[in-house]
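Trainee: This is the structure I want to talk about, given as structure tokens.
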Amino acid sequence: LDAELRAPEGPATSCVSSTAGIALSNVHAASAGLNEMHIHFVVPDRCAGIILGKGGMRLKQVRATTGCNVWMTPRDGSGDRYVVIIGSYSQCETAQTMFADSLKEALHLQNEELHDITVVLFLPTTVIGVVIGKQGSRLQQVNQQSGTKIEVLRDEVEGK
């Protein structure tokens, strides 16, 4: 899959994702701020309207409730859209939960179940070693405790 990335300004970044092989189009540079997270919540294109809400009201509601900077990427033909969430850990956690609940409701109305959620998390390279742990031990621990699949997608962020 093709990745169209803007070169990060400031420290180099790596990307941690809950799944591999996703298109990273419309990705903006990760924040250089240590207390600011930058995540992309992947939404199937057919559910984008539900997440946006009429006139963008759901996005505005999440923004007002959490204090996050939140927007949705435009359609690019890939079949998925990204809700970009930027804020503190607690702000992003609340926003992500709100979007997951909305997505779950939307799929339930279509007689479908929400099985997987894909989230892309951008991290400064200065912390990626701590996140991965010695020989991947922290990633294995997170996987065992949560059942989440996590992969480091360094090549895609660095444009390789």
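Please note that chains go A, B, ... in the order of the structure tokens, that every chain numbers its residues from 1, and that ligands are numbered from 1 in the order shown.
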Can you check which parts of range 32-56 of chain A lie within 10 Å of range 83-99 of chain A? Per residue, the shortest pair of atoms and distance in Å to one decimal, counting only C-alpha atoms, sorted by chain and number, as a Markdown table.
Mentor:
| residue | atom | partner | partner_atom | distance |
| --- | --- | --- | --- | --- |
| A:Gly33 | CA | A:Ser88 | CA | 9.9 |
| A:Leu34 | CA | A:Ser88 | CA | 9.3 |
| A:Asn35 | CA | A:Ser88 | CA | 5.9 |
| A:Glu36 | CA | A:Ser88 | CA | 4.8 |
| A:Met37 | CA | A:Gly87 | CA | 5.4 |
| A:His38 | CA | A:Ile86 | CA | 4.6 |
| A:Ile39 | CA | A:Ile85 | CA | 5.3 |
| A:His40 | CA | A:Val84 | CA | 4.6 |
| A:Phe41 | CA | A:Val83 | CA | 5.0 |
| A:Val42 | CA | A:Val83 | CA | 6.4 |
| A:Val43 | CA | A:Val83 | CA | 7.2 |
| A:Ala48 | CA | A:Val83 | CA | 9.1 |
| A:Ile50 | CA | A:Phe99 | CA | 9.7 |
| A:Ile51 | CA | A:Phe99 | CA | 6.7 |
| A:Leu52 | CA | A:Val83 | CA | 9.1 |
Trainee: Using DSSP on the backbone, list every residue of range 31-158 of chain A that comes out as strand (DSSP E), and give them as a PyMOL selection string.
Mentor: chain A and resi 37-44+69-72+80-87+119-124+151-152
Trainee: What parts of range 35-96 of chain A does DSSP call helix (DSSP H, G or I)? I'd like the answer as a VMD selection string.
Mentor: chain A and resid 45 to 52 54 to 66 89 to 96
Trainee: Which of these, A:Asp45, A:Thr65, A:Val152, A:Asp80, has the shortest distance to Ile132 in chain A once you count only C-alpha atoms?
Mentor: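 Among the listed residues, the smallest separation from Ile132 in chain A belongs to A:Val152.
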Trainee: Skip range 105-114 of chain A itself and residues of its chain fewer than 2 positions away, then list as a PyMOL selection string all residues within 7 Å of it, counting only C-alpha atoms.
Mentor: chain A and resi 47+50+101-103+116
Trainee: So that I have them on file, write out the residues from the current selection with all heavy atoms, as a PDB file, in the first residue's frame.
Mentor:
ATOM      1  N   CYS A  47     -19.117   4.412   7.312  1.00  0.00           N
ATOM      2  CA  CYS A  47     -19.529   4.869   8.646  1.00  0.00           C
ATOM      3  C   CYS A  47     -19.087   6.301   8.935  1.00  0.00           C
ATOM      4  O   CYS A  47     -19.344   6.821  10.027  1.00  0.00           O
ATOM      5  CB  CYS A  47     -18.966   3.947   9.721  1.00  0.00           C
ATOM      6  SG  CYS A  47     -19.553   2.252   9.610  1.00  0.00           S
ATOM      7  N   ILE A  50     -21.767   8.835  10.162  1.00  0.00           N
ATOM      8  CA  ILE A  50     -22.207   8.614  11.542  1.00  0.00           C
ATOM      9  C   ILE A  50     -21.202   9.242  12.506  1.00  0.00           C
ATOM     10  O   ILE A  50     -21.574   9.863  13.485  1.00  0.00           O
ATOM     11  CB  ILE A  50     -22.330   7.102  11.841  1.00  0.00           C
ATOM     12  CG1 ILE A  50     -23.264   6.448  10.853  1.00  0.00           C
ATOM     13  CG2 ILE A  50     -22.694   6.855  13.280  1.00  0.00           C
ATOM     14  CD1 ILE A  50     -24.698   6.376  11.201  1.00  0.00           C
ATOM     15  N   ASP A 101     -17.590   4.049  20.601  1.00  0.00           N
ATOM     16  CA  ASP A 101     -19.004   3.840  20.947  1.00  0.00           C
ATOM     17  C   ASP A 101     -19.910   4.220  19.782  1.00  0.00           C
ATOM     18  O   ASP A 101     -20.871   3.514  19.474  1.00  0.00           O
ATOM     19  CB  ASP A 101     -19.381   4.634  22.192  1.00  0.00           C
ATOM     20  CG  ASP A 101     -18.747   4.087  23.468  1.00  0.00           C
ATOM     21  OD1 ASP A 101     -18.240   2.933  23.456  1.00  0.00           O
ATOM     22  OD2 ASP A 101     -18.751   4.822  24.481  1.00  0.00           O
ATOM     23  N   SER A 102     -19.606   5.328  19.118  1.00  0.00           N
ATOM     24  CA  SER A 102     -20.396   5.759  17.955  1.00  0.00           C
ATOM     25  C   SER A 102     -20.301   4.751  16.824  1.00  0.00           C
ATOM     26  O   SER A 102     -21.294   4.432  16.175  1.00  0.00           O
ATOM     27  CB  SER A 102     -19.923   7.125  17.460  1.00  0.00           C
ATOM     28  OG  SER A 102     -20.150   8.111  18.426  1.00  0.00           O
ATOM     29  N   LEU A 103     -19.095   4.253  16.584  1.00  0.00           N
ATOM     30  CA  LEU A 103     -18.885   3.271  15.522  1.00  0.00           C
ATOM     31  C   LEU A 103     -19.623   1.976  15.845  1.00  0.00           C
ATOM     32  O   LEU A 103     -20.264   1.382  14.981  1.00  0.00           O
ATOM     33  CB  LEU A 103     -17.393   3.019  15.332  1.00  0.00           C
ATOM     34  CG  LEU A 103     -16.970   2.158  14.158  1.00  0.00           C
ATOM     35  CD1 LEU A 103     -17.504   2.706  12.838  1.00  0.00           C
ATOM     36  CD2 LEU A 103     -15.446   2.056  14.107  1.00  0.00           C
ATOM     37  N   ASP A 116     -13.025  -5.281  15.303  1.00  0.00           N
ATOM     38  CA  ASP A 116     -11.689  -4.715  15.433  1.00  0.00           C
ATOM     39  C   ASP A 116     -11.739  -3.214  15.242  1.00  0.00           C
ATOM     40  O   ASP A 116     -12.533  -2.705  14.451  1.00  0.00           O
ATOM     41  CB  ASP A 116     -10.742  -5.287  14.373  1.00  0.00           C
ATOM     42  CG  ASP A 116     -10.523  -6.774  14.537  1.00  0.00           C
ATOM     43  OD1 ASP A 116     -10.233  -7.197  15.665  1.00  0.00           O
ATOM     44  OD2 ASP A 116     -10.636  -7.495  13.532  1.00  0.00           O
TER      45      ASP A 116
END
Trainee: I'd like to know which of A:Ala100, A:Val130, A:Val70, A:Ile150 is closest to Met57 in chain A, using only C-alpha atoms.
Mentor: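 Using only C-alpha atoms, Met57 in chain A sits closest to A:Val70.
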